[in-house]
Each structure stands twice: as structure tokens, then as C-alpha cells.
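Student: One file is attached below, target.txt, containing compact mmCIF, C-alpha atoms.
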# COMPACT_ATOMS: atom_id res chain seq x y z
CA MET A 116 -11.24 -15.75 -14.60
CA ALA A 117 -11.32 -18.20 -11.76
CA SER A 118 -8.20 -19.77 -10.39
CA ALA A 119 -7.64 -23.51 -10.02
CA ALA A 120 -8.36 -23.13 -6.31
CA ASP A 121 -11.71 -21.49 -7.12
CA ARG A 122 -12.64 -24.39 -9.40
CA ARG A 123 -11.74 -26.92 -6.72
CA ARG A 124 -14.06 -25.15 -4.27
CA ARG A 125 -17.10 -25.54 -6.50
CA PRO A 126 -19.98 -27.42 -4.92
CA THR A 127 -20.36 -30.95 -6.31
CA ARG A 128 -23.60 -32.10 -4.75
CA ALA A 129 -25.08 -35.58 -4.98
CA PRO A 130 -28.82 -35.82 -5.68
CA ARG A 131 -31.07 -35.56 -2.65
CA LEU A 132 -34.60 -36.84 -2.29
CA THR A 133 -37.46 -34.37 -2.20
CA VAL A 134 -40.30 -34.49 0.32
CA ARG A 135 -42.30 -36.40 -2.28
CA GLY A 136 -39.48 -38.93 -2.71
CA TRP A 137 -39.16 -39.54 1.02
CA ALA A 138 -42.93 -39.83 1.34
CA LEU A 139 -43.10 -42.52 -1.36
CA LEU A 140 -40.24 -44.42 0.30
CA ALA A 141 -42.16 -44.32 3.57
CA VAL A 142 -45.25 -45.65 1.81
CA ALA A 143 -43.14 -48.41 0.21
CA VAL A 144 -41.82 -49.47 3.62
CA GLY A 145 -45.39 -49.52 4.91
CA ALA A 146 -46.43 -51.68 1.95
CA PHE A 147 -43.70 -54.22 2.71
CA VAL A 148 -44.78 -54.32 6.35
CA ALA A 149 -48.42 -54.79 5.26
CA THR A 150 -47.36 -57.67 2.98
CA ARG A 151 -46.00 -59.53 5.97
CA TYR A 152 -48.88 -58.59 8.27
CA PHE A 153 -51.78 -59.25 5.88
CA ALA A 154 -50.05 -61.93 3.82
CA ARG A 155 -51.14 -60.18 0.61
CA GLN A 156 -48.66 -60.17 -2.29
CA GLU A 157 -50.28 -57.07 -3.83
CA PHE A 158 -48.70 -54.85 -1.14
CA ALA A 159 -45.24 -56.17 -2.08
CA TYR A 160 -45.86 -55.27 -5.73
CA LEU A 161 -46.88 -51.76 -4.67
CA GLY A 162 -43.78 -51.37 -2.51
CA CYS A 163 -41.48 -52.52 -5.32
CA PHE A 164 -43.16 -50.14 -7.76
CA LEU A 165 -42.74 -47.17 -5.43
CA VAL A 166 -39.09 -48.01 -4.77
CA ALA A 167 -38.53 -48.28 -8.52
CA VAL A 168 -40.11 -44.85 -9.12
CA VAL A 169 -37.95 -43.22 -6.46
CA GLY A 170 -34.85 -45.03 -7.70
CA PHE A 171 -35.54 -43.93 -11.26
CA GLY A 172 -35.85 -40.31 -10.17
CA TYR A 173 -32.63 -40.48 -8.19
CA ALA A 174 -30.73 -42.10 -11.07
CA TRP A 175 -32.16 -39.60 -13.57
CA THR A 176 -30.90 -36.62 -11.60
CA ALA A 177 -27.54 -38.28 -10.88
CA LEU A 178 -26.85 -39.12 -14.53
CA ARG A 179 -28.42 -36.08 -16.20
CA ARG A 180 -25.82 -33.70 -17.54
CA VAL A 181 -26.45 -29.98 -17.99
CA GLN A 182 -23.94 -28.83 -20.58
CA LEU A 183 -24.23 -25.07 -20.23
CA THR A 184 -21.55 -22.45 -20.76
CA VAL A 185 -21.89 -19.22 -18.82
CA ARG A 186 -20.29 -15.84 -19.36
CA ARG A 187 -20.80 -13.07 -16.82
CA ARG A 188 -20.09 -9.38 -17.09
CA PHE A 189 -20.86 -6.34 -14.96
CA VAL A 190 -21.99 -2.98 -16.32
CA PRO A 191 -20.16 -0.92 -15.15
CA GLU A 192 -17.24 -3.13 -14.09
CA SER A 193 -16.99 -1.31 -10.74
CA ALA A 194 -19.16 1.26 -8.99
CA PRO A 195 -19.39 3.18 -5.69
CA ALA A 196 -21.29 1.56 -2.84
CA GLY A 197 -25.03 1.93 -3.29
CA GLU A 198 -24.82 2.71 -7.01
CA PRO A 199 -26.65 0.32 -9.40
CA VAL A 200 -24.72 -2.30 -11.35
CA ASP A 201 -26.21 -4.63 -13.94
CA ALA A 202 -24.98 -8.24 -13.97
CA VAL A 203 -25.46 -9.88 -17.37
CA LEU A 204 -25.33 -13.68 -17.77
CA LEU A 205 -25.02 -15.20 -21.24
CA LEU A 206 -25.91 -18.92 -21.29
CA GLN A 207 -25.51 -21.43 -24.12
CA ASN A 208 -26.57 -25.08 -24.18
CA SER A 209 -23.87 -27.07 -25.97
CA GLY A 210 -25.55 -30.42 -25.22
CA ALA A 211 -27.69 -32.35 -27.67
CA MET A 212 -30.66 -32.52 -25.25
CA ARG A 213 -33.01 -29.72 -24.31
CA THR A 214 -32.31 -28.39 -20.82
CA PRO A 215 -34.74 -29.50 -18.09
CA ALA A 216 -36.72 -27.17 -15.87
CA VAL A 217 -33.98 -25.44 -13.86
CA THR A 218 -33.86 -22.96 -11.01
CA TRP A 219 -30.79 -20.71 -10.97
CA VAL A 220 -29.03 -18.74 -8.24
CA ASP A 221 -25.91 -16.61 -8.68
CA PRO A 222 -24.05 -16.95 -5.35
CA ALA A 223 -21.93 -14.12 -3.94
CA SER A 224 -19.42 -13.93 -1.12
CA ALA A 225 -20.41 -12.20 2.13
CA PRO A 226 -21.34 -9.47 2.85
CA MET A 227 -22.92 -9.34 -0.61
CA SER A 228 -26.13 -11.35 -0.81
CA SER A 229 -26.84 -13.97 -3.46
CA THR A 230 -29.70 -13.65 -5.91
CA ALA A 231 -33.14 -15.06 -5.17
CA PRO A 232 -33.94 -18.38 -6.91
CA SER A 233 -35.39 -17.84 -10.41
CA GLU A 234 -36.62 -20.09 -13.19
CA LEU A 235 -34.36 -20.58 -16.20
CA PRO A 236 -36.17 -20.88 -19.55
CA ALA A 237 -35.49 -24.17 -21.35
CA LEU A 238 -32.71 -23.99 -23.93
CA PRO A 239 -32.92 -26.11 -27.09
CA GLY A 240 -30.29 -28.76 -27.74
CA PHE A 241 -27.44 -28.14 -30.16
CA SER A 242 -25.97 -30.55 -32.66
CA ALA A 243 -22.32 -30.34 -33.63
CA ARG A 244 -23.38 -30.95 -37.24
CA ARG A 245 -25.34 -27.72 -37.22
CA ALA A 246 -23.60 -24.56 -38.43
CA GLY A 247 -23.16 -21.62 -36.10
CA GLU A 248 -23.29 -21.51 -32.32
CA PRO A 249 -25.85 -22.58 -29.71
CA GLU A 250 -28.65 -20.16 -28.96
CA VAL A 251 -27.76 -17.54 -26.35
CA GLN A 252 -30.04 -17.00 -23.37
CA ARG A 253 -29.52 -13.64 -21.67
CA LEU A 254 -30.23 -13.19 -17.96
CA GLN A 255 -29.87 -9.90 -16.14
CA TYR A 256 -30.16 -8.84 -12.51
CA ARG A 257 -29.03 -6.13 -10.11
CA PRO A 258 -26.44 -7.40 -7.59
CA ASP A 259 -26.37 -6.09 -4.05
CA THR A 260 -23.86 -3.21 -3.96
CA THR A 261 -24.64 -1.79 -0.54
CA ARG A 262 -21.28 -2.92 0.88
CA ARG A 263 -17.85 -1.91 -0.36
CA GLY A 264 -15.35 -4.58 -1.26
CA ALA A 265 -14.07 -6.98 -3.90
CA HIS A 266 -16.90 -9.50 -4.01
CA THR A 267 -16.65 -12.95 -5.57
CA VAL A 268 -19.69 -13.82 -7.67
CA GLY A 269 -20.40 -17.27 -9.06
CA PRO A 270 -20.21 -19.94 -10.23
CA LEU A 271 -23.83 -20.07 -11.34
CA LEU A 272 -25.76 -22.65 -9.30
CA LEU A 273 -28.43 -24.63 -11.17
CA THR A 274 -30.95 -26.88 -9.43
CA PHE A 275 -33.16 -29.38 -11.31
CA ALA A 276 -35.40 -32.33 -10.49
CA ASP A 277 -36.48 -35.51 -12.29
CA PRO A 278 -39.81 -35.55 -14.17
CA PHE A 279 -41.61 -37.16 -11.21
CA GLY A 280 -40.16 -34.80 -8.62
CA MET A 281 -38.52 -37.61 -6.62
CA ALA A 282 -35.00 -36.13 -6.34
CA ARG A 283 -33.24 -32.83 -6.83
CA ARG A 284 -29.64 -31.98 -7.72
CA SER A 285 -27.57 -28.80 -7.81
CA VAL A 286 -24.66 -28.23 -10.17
CA ALA A 287 -22.23 -25.32 -10.46
CA VAL A 288 -21.72 -23.93 -13.96
CA GLY A 289 -19.18 -21.43 -15.23
CA GLU A 290 -16.45 -19.54 -13.44
CA THR A 291 -16.27 -17.00 -10.65
CA ASP A 292 -15.95 -13.27 -11.36
CA ARG A 293 -15.06 -10.34 -9.15
CA LEU A 294 -17.26 -7.30 -8.69
CA VAL A 295 -15.40 -4.35 -7.18
CA VAL A 296 -17.60 -2.00 -5.16
CA THR A 297 -15.63 1.12 -4.32
CA PRO A 298 -16.25 3.24 -1.21
CA ALA A 299 -18.69 6.12 -1.36
CA VAL A 300 -16.75 9.30 -2.21
CA TYR A 301 -18.11 12.74 -1.35
CA ASP A 302 -17.34 16.17 -2.77
CA LEU A 303 -15.63 18.26 -0.09
CA ALA A 304 -15.57 22.03 0.18
CA ARG A 305 -12.41 23.74 -0.99
CA ALA A 306 -10.21 25.00 1.82
CA ASP A 307 -7.06 26.99 2.48
CA LEU A 308 -4.51 24.58 3.94
CA ARG A 309 -1.96 25.97 6.37
CA LEU A 310 1.37 24.71 5.10
CA SER A 311 4.60 25.34 6.92
CA THR A 312 7.57 26.97 5.21
CA GLY A 313 10.86 25.19 4.78
CA ASP A 314 12.18 25.72 8.32
CA GLY A 315 8.80 25.08 9.93
CA SER A 316 8.91 28.38 11.84
CA GLU A 317 6.19 30.18 9.91
CA GLN A 318 2.80 29.27 8.51
CA THR A 319 1.74 30.28 5.02
CA ALA A 320 -1.80 30.02 3.65
CA ARG A 321 -2.02 28.79 0.08
CA ARG A 322 -5.06 28.51 -2.12
CA LEU A 323 -4.48 25.52 -4.36
CA VAL A 324 -5.94 26.69 -7.67
CA GLY A 325 -4.81 27.04 -11.26
CA ALA A 326 -2.11 25.23 -13.14
CA GLY A 327 1.15 24.44 -11.43
CA GLU A 328 4.74 24.64 -12.48
CA PRO A 329 7.02 21.68 -12.96
CA ASP A 330 8.28 20.18 -9.71
CA VAL A 331 11.22 17.85 -9.21
CA ILE A 332 10.13 14.84 -7.15
CA ALA A 333 12.52 12.32 -5.67
CA ARG A 334 11.57 8.65 -5.52
CA ARG A 335 13.39 5.40 -4.90
CA TYR A 336 15.54 4.05 -7.71
CA GLN A 337 13.98 1.28 -9.80
CA PRO A 338 15.79 -1.03 -12.26
CA GLY A 339 15.95 0.68 -15.66
CA ASP A 340 16.10 4.27 -14.35
CA SER A 341 18.74 6.46 -15.97
CA VAL A 342 21.80 7.31 -13.85
CA ARG A 343 21.46 10.89 -15.04
CA LYS A 344 18.24 11.18 -13.01
CA VAL A 345 19.89 10.37 -9.67
CA HIS A 346 18.91 12.96 -7.04
CA TRP A 347 22.10 13.13 -4.95
CA PRO A 348 20.81 15.31 -2.05
CA ALA A 349 17.86 12.97 -1.56
CA THR A 350 20.17 9.96 -1.85
CA ALA A 351 22.41 11.34 0.91
CA ARG A 352 19.40 12.13 3.09
CA HIS A 353 17.72 8.71 2.80
CA GLY A 354 20.80 6.53 2.58
CA GLU A 355 19.54 4.83 -0.58
CA LEU A 356 19.60 5.67 -4.27
CA MET A 357 16.88 8.22 -5.22
CA VAL A 358 16.02 9.50 -8.70
CA LYS A 359 14.24 12.61 -9.98
CA GLN A 360 10.74 12.32 -11.36
CA ASP A 361 9.32 15.26 -13.26
CA ASP A 362 5.64 15.96 -12.77
CA GLN A 363 3.22 18.83 -13.36
CA ARG A 364 1.57 19.63 -10.05
CA ASN A 365 0.39 22.69 -8.20
CA ASP A 366 2.15 21.95 -4.95
CA GLN A 367 3.64 19.31 -2.75
CA ASP A 368 2.59 15.83 -1.69
CA ALA A 369 0.11 15.08 1.05
CA VAL A 370 -0.27 11.92 3.11
CA VAL A 371 -3.59 10.21 3.80
CA LEU A 372 -3.17 7.52 6.43
CA LEU A 373 -5.88 4.93 6.97
CA ASP A 374 -4.77 2.95 10.01
CA ALA A 375 -6.70 -0.24 9.24
CA SER A 376 -4.84 -2.05 12.02
CA SER A 377 -6.65 0.02 14.65
CA PHE A 378 -10.08 -1.32 13.67
CA PRO A 379 -11.39 -4.70 14.88
CA GLY A 380 -10.77 -7.46 12.38
CA ASP A 381 -13.73 -9.64 13.31
CA ASP A 382 -16.30 -7.41 11.62
CA THR A 383 -15.55 -6.54 8.01
CA ALA A 384 -18.90 -4.75 7.77
CA SER A 385 -18.13 -2.36 10.65
CA ASP A 386 -19.81 1.02 10.21
CA ALA A 387 -16.81 2.69 11.86
CA PHE A 388 -14.33 1.17 9.42
CA GLU A 389 -16.55 1.89 6.42
CA TRP A 390 -16.78 5.54 7.50
CA ALA A 391 -12.99 5.70 7.75
CA VAL A 392 -12.53 4.16 4.29
CA SER A 393 -15.07 6.53 2.75
CA GLY A 394 -13.50 9.49 4.56
CA ALA A 395 -9.99 8.57 3.41
CA ALA A 396 -11.17 8.18 -0.20
CA SER A 397 -13.00 11.51 -0.11
CA VAL A 398 -10.08 13.44 1.39
CA ALA A 399 -7.58 11.79 -0.96
CA GLN A 400 -9.62 12.60 -4.05
CA HIS A 401 -10.16 16.15 -2.80
CA LEU A 402 -6.43 16.66 -2.35
CA VAL A 403 -5.66 15.21 -5.80
CA ALA A 404 -8.20 17.60 -7.32
CA GLU A 405 -6.50 20.49 -5.50
CA GLY A 406 -3.16 19.64 -7.09
CA PHE A 407 -1.50 17.49 -4.46
CA GLY A 408 0.22 14.22 -5.11
CA VAL A 409 -1.33 11.92 -2.51
CA ARG A 410 0.49 9.14 -0.69
CA LEU A 411 -2.11 6.73 0.66
CA VAL A 412 -0.83 4.29 3.28
CA GLY A 413 -1.92 2.14 6.18
CA PHE A 414 -4.45 -0.23 4.62
CA GLY A 415 -2.08 -2.75 3.09
CA GLU A 416 -2.69 -2.59 -0.65
CA ARG A 417 -0.34 0.22 -1.60
CA SER A 418 3.14 1.23 -0.45
CA ALA A 419 4.50 4.63 0.54
CA ASP A 420 6.03 4.86 -2.95
CA ALA A 421 2.61 5.04 -4.65
CA ILE A 422 1.63 8.60 -5.54
CA TYR A 423 -1.86 9.41 -6.80
CA VAL A 424 -1.98 12.38 -9.17
CA ASP A 425 -4.29 13.82 -11.83
CA VAL A 426 -7.59 12.28 -12.95
CA ALA A 427 -6.23 8.73 -13.23
CA GLY A 428 -4.86 8.87 -9.70
CA SER A 429 -8.14 10.22 -8.37
CA GLN A 430 -10.02 7.27 -9.86
CA ARG A 431 -7.43 4.77 -8.62
CA VAL A 432 -7.76 5.99 -5.04
CA ALA A 433 -11.33 4.70 -4.72
CA TYR A 434 -10.51 1.47 -6.57
CA ASP A 435 -7.55 0.63 -4.32
CA LEU A 436 -9.53 1.40 -1.17
CA ALA A 437 -12.20 -1.08 -2.25
CA PHE A 438 -9.75 -3.79 -1.10
CA ALA A 439 -9.12 -2.32 2.36
CA THR A 440 -9.79 -4.68 5.26
CA PRO A 441 -9.56 -4.01 9.01
CA ALA A 442 -7.04 -5.49 11.46
CA GLY A 443 -3.52 -6.58 10.64
CA ALA A 444 -0.31 -5.30 12.16
CA ALA A 445 0.38 -1.59 12.37
CA ASP A 446 3.55 -0.38 10.64
CA PRO A 447 4.71 2.94 12.15
CA ASP A 448 7.88 2.77 10.01
CA ALA A 449 5.75 2.80 6.84
CA PHE A 450 3.78 5.77 8.19
CA ARG A 451 6.97 7.71 8.90
CA ALA A 452 8.49 6.75 5.53
CA ALA A 453 5.44 8.10 3.69
CA VAL A 454 5.69 11.45 5.47
CA GLU A 455 9.45 11.65 4.93
CA ASP A 456 9.08 10.88 1.23
CA ALA A 457 6.32 13.47 0.89
CA SER A 458 8.61 16.10 2.41
CA LEU A 459 11.02 15.64 -0.52
CA THR A 460 8.63 17.20 -3.01
CA SER A 461 9.00 20.75 -1.64
CA PRO A 462 10.62 22.67 1.21
CA ASP A 463 7.32 22.62 3.09
CA ALA A 464 6.33 19.94 5.55
CA PRO A 465 3.47 17.83 4.10
CA PRO A 466 -0.10 17.88 5.40
CA VAL A 467 -1.14 14.56 6.94
CA PHE A 468 -4.71 13.33 7.35
CA ALA A 469 -5.06 10.22 9.52
CA PHE A 470 -8.13 8.03 10.04
CA VAL A 471 -7.90 5.91 13.19
CA ALA A 472 -10.26 3.95 15.43
CA ASP A 473 -11.03 5.02 18.97
CA ARG A 474 -9.31 2.03 20.57
CA PRO A 475 -6.67 1.99 23.32
CA GLY A 476 -3.17 2.20 21.87
CA ALA A 477 -4.32 3.23 18.38
CA GLU A 478 -2.41 6.51 18.66
CA GLN A 479 1.00 4.91 19.26
CA GLY A 480 2.22 4.97 15.67
CA LEU A 481 0.88 8.46 14.95
CA GLN A 482 2.03 10.70 17.77
CA SER A 483 5.49 11.50 16.40
CA LEU A 484 4.17 12.36 12.92
CA ALA A 485 2.61 15.64 14.05
CA ALA A 486 6.03 17.31 14.31
CA MET A 487 6.77 16.27 10.71
CA SER A 488 3.59 17.77 9.25
CA SER A 489 2.39 21.28 8.55
CA HIS A 490 -1.22 20.25 8.89
CA PRO A 491 -1.69 17.10 11.02
CA VAL A 492 -5.37 16.18 11.25
CA ALA A 493 -6.63 12.98 12.87
CA PHE A 494 -10.18 11.71 12.44
CA VAL A 495 -10.82 9.47 15.46
CA VAL A 496 -13.78 7.24 14.60
CA ARG A 497 -15.58 5.76 17.55
CA SER A 498 -16.26 2.05 17.37
CA ASP A 499 -19.58 0.30 16.96
CA ALA A 500 -19.29 -0.90 20.57
CA ASP A 501 -19.14 2.74 21.70
CA LEU A 502 -22.35 3.38 19.81
CA GLU A 503 -24.12 0.69 21.85
CA VAL A 504 -22.96 1.80 25.30
CA GLY A 505 -22.81 5.55 24.66
CA TRP A 506 -19.77 7.78 24.18
CA ALA A 507 -18.03 9.96 26.71
CA GLY A 508 -18.50 13.08 24.59
CA GLY A 509 -17.08 16.39 25.79
CA ALA A 510 -13.30 16.13 25.49
CA GLY A 511 -13.66 13.02 23.34
CA SER A 512 -11.75 9.79 23.61
CA GLU A 513 -8.44 8.98 25.26
CA VAL A 514 -6.96 8.39 21.81
CA GLY A 515 -8.05 11.86 20.73
CA ALA A 516 -6.71 13.47 23.89
CA SER A 517 -3.34 11.79 23.45
CA LEU A 518 -3.08 12.91 19.83
CA ARG A 519 -4.02 16.47 20.77
CA ARG A 520 -1.18 16.58 23.27
CA ALA A 521 1.16 15.40 20.50
CA GLY A 522 0.14 18.32 18.27
CA TRP A 523 -2.62 16.84 16.12
CA THR A 524 -5.86 18.59 15.25
CA VAL A 525 -8.34 15.90 16.32
CA VAL A 526 -11.87 15.41 15.02
CA ASP A 527 -13.98 12.98 17.06
CA VAL A 528 -16.27 11.24 14.57
CA ASP A 529 -19.61 9.53 15.03
CA PRO A 530 -20.11 7.08 12.12
CA ASP A 531 -23.66 8.41 11.79
CA GLU A 532 -22.27 11.76 10.66
CA THR A 533 -21.64 12.42 6.99
CA VAL A 534 -18.12 12.95 5.67
CA PRO A 535 -18.92 16.43 4.22
CA SER A 536 -20.39 17.64 7.54
CA VAL A 537 -17.30 16.49 9.46
CA TRP A 538 -15.01 18.16 6.90
CA ARG A 539 -17.05 21.37 7.11
CA ALA A 540 -16.83 21.35 10.90
CA LEU A 541 -13.05 20.89 10.65
CA GLY A 542 -12.77 23.90 8.36
CA GLU A 543 -14.88 26.06 10.65
CA ALA A 544 -12.88 25.03 13.70
CA ARG A 545 -9.57 25.96 12.06
CA GLY A 546 -10.88 28.92 10.14
CA LEU A 547 -10.27 27.12 6.86
CA ALA A 548 -13.65 27.33 5.20
Show me this structure written as C-alpha cells.

Tutor:
Amino acid sequence: MASAADRRRRPTRAPRLTVRGWALLAVAVGAFVATRYFARQEFAYLGCFLVAVVGFGYAWTALRRVQLTVRRRFVPESAPAGEPVDAVLLLQNSGAMRTPAVTWVDPASAPMSSTAPSELPALPGFSARRAGEPEVQRLQYRPDTTRRGAHTVGPLLLTFADPFGMARRSVAVGETDRLVVTPAVYDLARADLRLSTGDGSEQTARRLVGAGEPDVIARRYQPGDSVRKVHWPATARHGELMVKQDDQRNDQDAVVLLDASSFPGDDTASDAFEWAVSGAASVAQHLVAEGFGVRLVGFGERSADAIYVDVAGSQRVAYDLAFATPAGAADPDAFRAAVEDASLTSPDAPPVFAFVADRPGAEQGLQSLAAMSSHPVAFVVRSDADLEVGWAGGAGSEVGASLRRAGWTVVDVDPDETVPSVWRALGEARGLA
């Protein structure tokens, strides 16, 4: 449903003359001039008649009311980028008069494109004395789902003219709705992840398959939690009250960090940022499928406390990332808190997968996290500007070099590459595939 602010933003447009209307006004002015020049009263009559016709058309469109109700639904309600979605509009004419010839457009917020203008079939009038409901007119179209995001669609924009075609008016009908287009998510090859043991001195390879055993997970205390569930060692370690949360999982938590602050904020349709969002969603869903609880941070919608597990968590990952936007302020403390919280789920240090832009200073909040992770991997996505001027290649970017020195495994990413191919190359480089 639309908010009050959405309703206030609706276009309320006064009638505007058509080319035909302006042409007749010009002829009327010429007739009045000819009346004075030729001293013939007939030209004045013609001018008055033309002005009256144009005035009638303008008044007709200004006073004509289109009493339509519109309901909109999307099938399915959300879908991955590029997948088809059907938008269904159900229109009813609650007015006593038959609707005029109308052209309709369903507007959408950028970067989604609005529909092309189409003719709306006339709807018969409805009398309150008649039993039942007004006749329903069903319209259907395929919205543009090429770009990820939470897109605002509506209100429906109707444009009609007077019978003589002198003036035209547009009115907004119905409410706005939101279509959520989730990022494209790819199936990734299964891999052995190198996870450190409790003291971090050894590396143990684990294949994450089969059913897990119950784990005890510590999380921050929330009002209503039982005192019997307080996890005292975790409370002493974090300096705040922590409680135990039982969960069935194969192994520990992992952290997927999408550093949205490192990407330029003036281009929400950046190919580099869209690759990072799609990569983060794919890796997160892959880890959930392998039995990890995933902590997804860095893009602003979720906190370090949110843990994605099981099928529901896997679906929620893509939905939450549909709202990710670039820019904003980086929060290294939130990054560190997510890794620290993930380390509570088992004696092993958590794997961390970071997605960051190749921009100077982007590595600042990530460098220290490598020492806290058993498997620190950073995908450094080069910017769209780099694509235009060419990339250094070879050793990669300065951001990548800095992260390598800090202990990260760095993958330099060209947005033209596919997520599965980059993941496969990472596995081959580390001997994981």
C-alpha cells in the first residue's frame, strides 16, 4: 500500500491544449485580426466559434472525472533479475458514466522503465442501485526486471482528451506497489574449505556434507529470553549479556561482507556493484546450503546479529540483498563484530568472504580481519571507470596488493566475468575444487 507521502507525490496535471487546439486558437486570432482589417463581421463570428470550441474542450477535460479503482499484483511477488514477472491490473469503473477513450501507462521508478502507452477499453458505467460490483477489466503486462532493486510501480497514469481533440489531461489512479527484483544467484561448485582449528595453528580440511549435530550458538540477549539460557563464557568475553541458541547445523558460521561503502554512490546501476551483489548472494546461498550459518553484513539492511540458515535463510539472502545500494559510510566495527560473533559458534575461526571495490582506501576496514579468519577471501571488483581506461592487470590493483600483504586471498574481478567462473578459478588456485 502507498504511504501518505506517496499519495501526495501523485501528479495532478491541469488540462493542456493539443496541437489541434493551439492551431484553432491561432486561426481564431487570425479571424479577429481579419475582422479589423477587412471590416467584415463574419470573421469575428468565426473567431468566437473557434474560441468556444477550444474552451469547451478544455472545460470538458478539466471537469471530466474518471472514477476508476485499480488493484495491482505481481506474479510472482519477487523474482531474480532477468526472470519474467507478470503484472496484473484489475480496473473497475465505479462512476455512472462510461469511461472515455483513455491511454494508460504504468510508471516505474528508475532504473526500471515504465510501460509503453496503450489503449484502455471503455468500461460501462455502474449504478449504485444495481446489485453486485462494477465490471472488472483485466490488464496484464511484463515489467522490466533487468535491474535488481525494490522498484516502485504506479500509480496508474491515464490520459484522455475531449471529443473534439482540443485538450488532453492526465490523471493518476490507484496506489503505488513495490516490485522486488532480487540479484541473480548462481549455483557454485562444492569445495573443501580450509578451516583453522581452535588455536589457529593448524589447518583442517572439512567436507561439509550430511546432517549436522546440535550446536550451541551464542547471541546477544533480547527482552523475553530466559535467564537459564545465559551463556556466561560468551558474556564474559563480549562484556554484554549473551544467551544460548540451539540450532541444527553442520558446522560453524561464516561471514559474507559486501562493502557497499566502497562503491561509488552516484551510479546505482553500476555493473561493478551489481556483480558484487550477485557474487555475495551466490556465495552466501552456497554456504547456507553447505550447512553454515551465514552472517551477511556491510550493505546496510541487516545487522551482524542476523544469521541465515536452512532453506528459509537461503531465500532471505537474495531478498535482503535486493535492497542493497552503493555508497554510505563504512563501519569497520560492524565488520569486526560479525567475525567475532561468528567465532562463538565453534572453536574454529570463521571463513570470511569480502566483496569490495577497487578504489583507493577500500581495504582499510578489512585488513585486520584476515588474522581473525581461517579462510579470508576478498573479491576486488574493478570499477566501471577502470573498464573504460583499461586495467593494470598482472599483480592487480593496489587494493588487492594491500589485502594480500595483510593475509587475504585476493581475487581480482572483471565485472564481465561470471560468478561461477571466478569461484572456479578461486578453487583451482587454492586447490579447493

Student: Let me make sure I understand: among A:Asp456, A:Glu478, A:Glu389, A:Asp425, which one has the smallest atom-to-atom distance to Pro298 (chain A) if we use all atoms listed in the file?

Tutor: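 Under the stated criterion, the closest residue is A:Glu389.
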
Student: Quick check, in Å to one decimal: how far apart do CA of Pro258 (chain A) and CA of Val300 (chain A) lie?

Tutor: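 CA of Val300 (chain A) lies 20.0 Å from CA of Pro258 (chain A).
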
Student: Find the residue from A:Phe378, A:Phe470, A:Tyr173, A:Phe407 that sits nearest to Ser498 (chain A); use only C-alpha atoms when measuring.

Tutor: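 Once distances to Ser498 (chain A) are computed over only C-alpha atoms, the minimum belongs to A:Phe378.
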
Student: For a quick check of understanding, using all atoms listed in the file, which of A:Thr440, A:Thr274, A:Thr460, A:Ser377 has the smallest distance to Pro215 (chain A)?

Tutor: A:Thr274

Student: Could you state the separation of CA of Thr176 (chain A) and CA of Ala216 (chain A) in Å, given to one decimal place?

Tutor: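 Computed distance, CA of Thr176 (chain A) to CA of Ala216 (chain A), equals 11.9 Å.
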
Student: Considering only C-alpha atoms, return as a PyMOL selection string whatever protein or nucleic-acid residues lie within 12 Å of Arg179 (chain A), sequence-local ones (same chain, fewer than 5 positions apart) excluded.

Tutor: chain A and resi 129-130+171-174+210+212-215+274-278+282-286

Student: Name all residues at most 10 Å from Asp374 (chain A) (count all atoms listed in the file; drop same-chain ones fewer than 4 positions away) and give them as a PyMOL selection string.

Tutor: chain A and resi 378+388+391-392+412-415+441-447+450+469-472+477-478+480-481

Student: Would you mind reading off the distance between CA of Phe279 (chain A) and CA of Leu235 (chain A), one decimal, in Å?

Tutor: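 The value is 18.8 Å.
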
Student: Ranking A:Phe494, A:Trp137, A:Trp538, A:Tyr423 by minimum distance to Val525 (chain A) and counting all atoms listed in the file, which one comes first?

Tutor: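 Using all atoms listed in the file, the shortest distance to Val525 (chain A) belongs to A:Phe494.
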
Student: Which of these, A:Val345, A:Leu271, A:Ala433, A:Val454, has the shortest distance to Gln367 (chain A) once you count only C-alpha atoms?

Tutor: A:Val454

Student: Excluding same-chain residues fewer than 3 positions from Ala159 (chain A), what lies within 10 Å of it counting all atoms listed in the file, as a PDB file with C-alpha atoms, in the coordinates of the input?

Tutor:
ATOM      1  CA  ALA A 143     -43.140 -48.410   0.210  1.00  0.00           C
ATOM      2  CA  VAL A 144     -41.820 -49.470   3.620  1.00  0.00           C
ATOM      3  CA  GLY A 145     -45.390 -49.520   4.910  1.00  0.00           C
ATOM      4  CA  ALA A 146     -46.430 -51.680   1.950  1.00  0.00           C
ATOM      5  CA  PHE A 147     -43.700 -54.220   2.710  1.00  0.00           C
ATOM      6  CA  VAL A 148     -44.780 -54.320   6.350  1.00  0.00           C
ATOM      7  CA  ALA A 149     -48.420 -54.790   5.260  1.00  0.00           C
ATOM      8  CA  THR A 150     -47.360 -57.670   2.980  1.00  0.00           C
ATOM      9  CA  ARG A 151     -46.000 -59.530   5.970  1.00  0.00           C
ATOM     10  CA  ALA A 154     -50.050 -61.930   3.820  1.00  0.00           C
ATOM     11  CA  ARG A 155     -51.140 -60.180   0.610  1.00  0.00           C
ATOM     12  CA  GLN A 156     -48.660 -60.170  -2.290  1.00  0.00           C
ATOM     13  CA  GLY A 162     -43.780 -51.370  -2.510  1.00  0.00           C
ATOM     14  CA  CYS A 163     -41.480 -52.520  -5.320  1.00  0.00           C
ATOM     15  CA  PHE A 164     -43.160 -50.140  -7.760  1.00  0.00           C
ATOM     16  CA  LEU A 165     -42.740 -47.170  -5.430  1.00  0.00           C
TER      17      LEU A 165
END

Student: Which is closer to Thr524 (chain A) than all the others in A:Ala404, A:Ala299, A:Leu541, A:Val134, using only C-alpha atoms?

Tutor: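 Checking each of A:Ala404, A:Ala299, A:Leu541, A:Val134 against Thr524 (chain A), counting only C-alpha atoms, the winner is A:Leu541.
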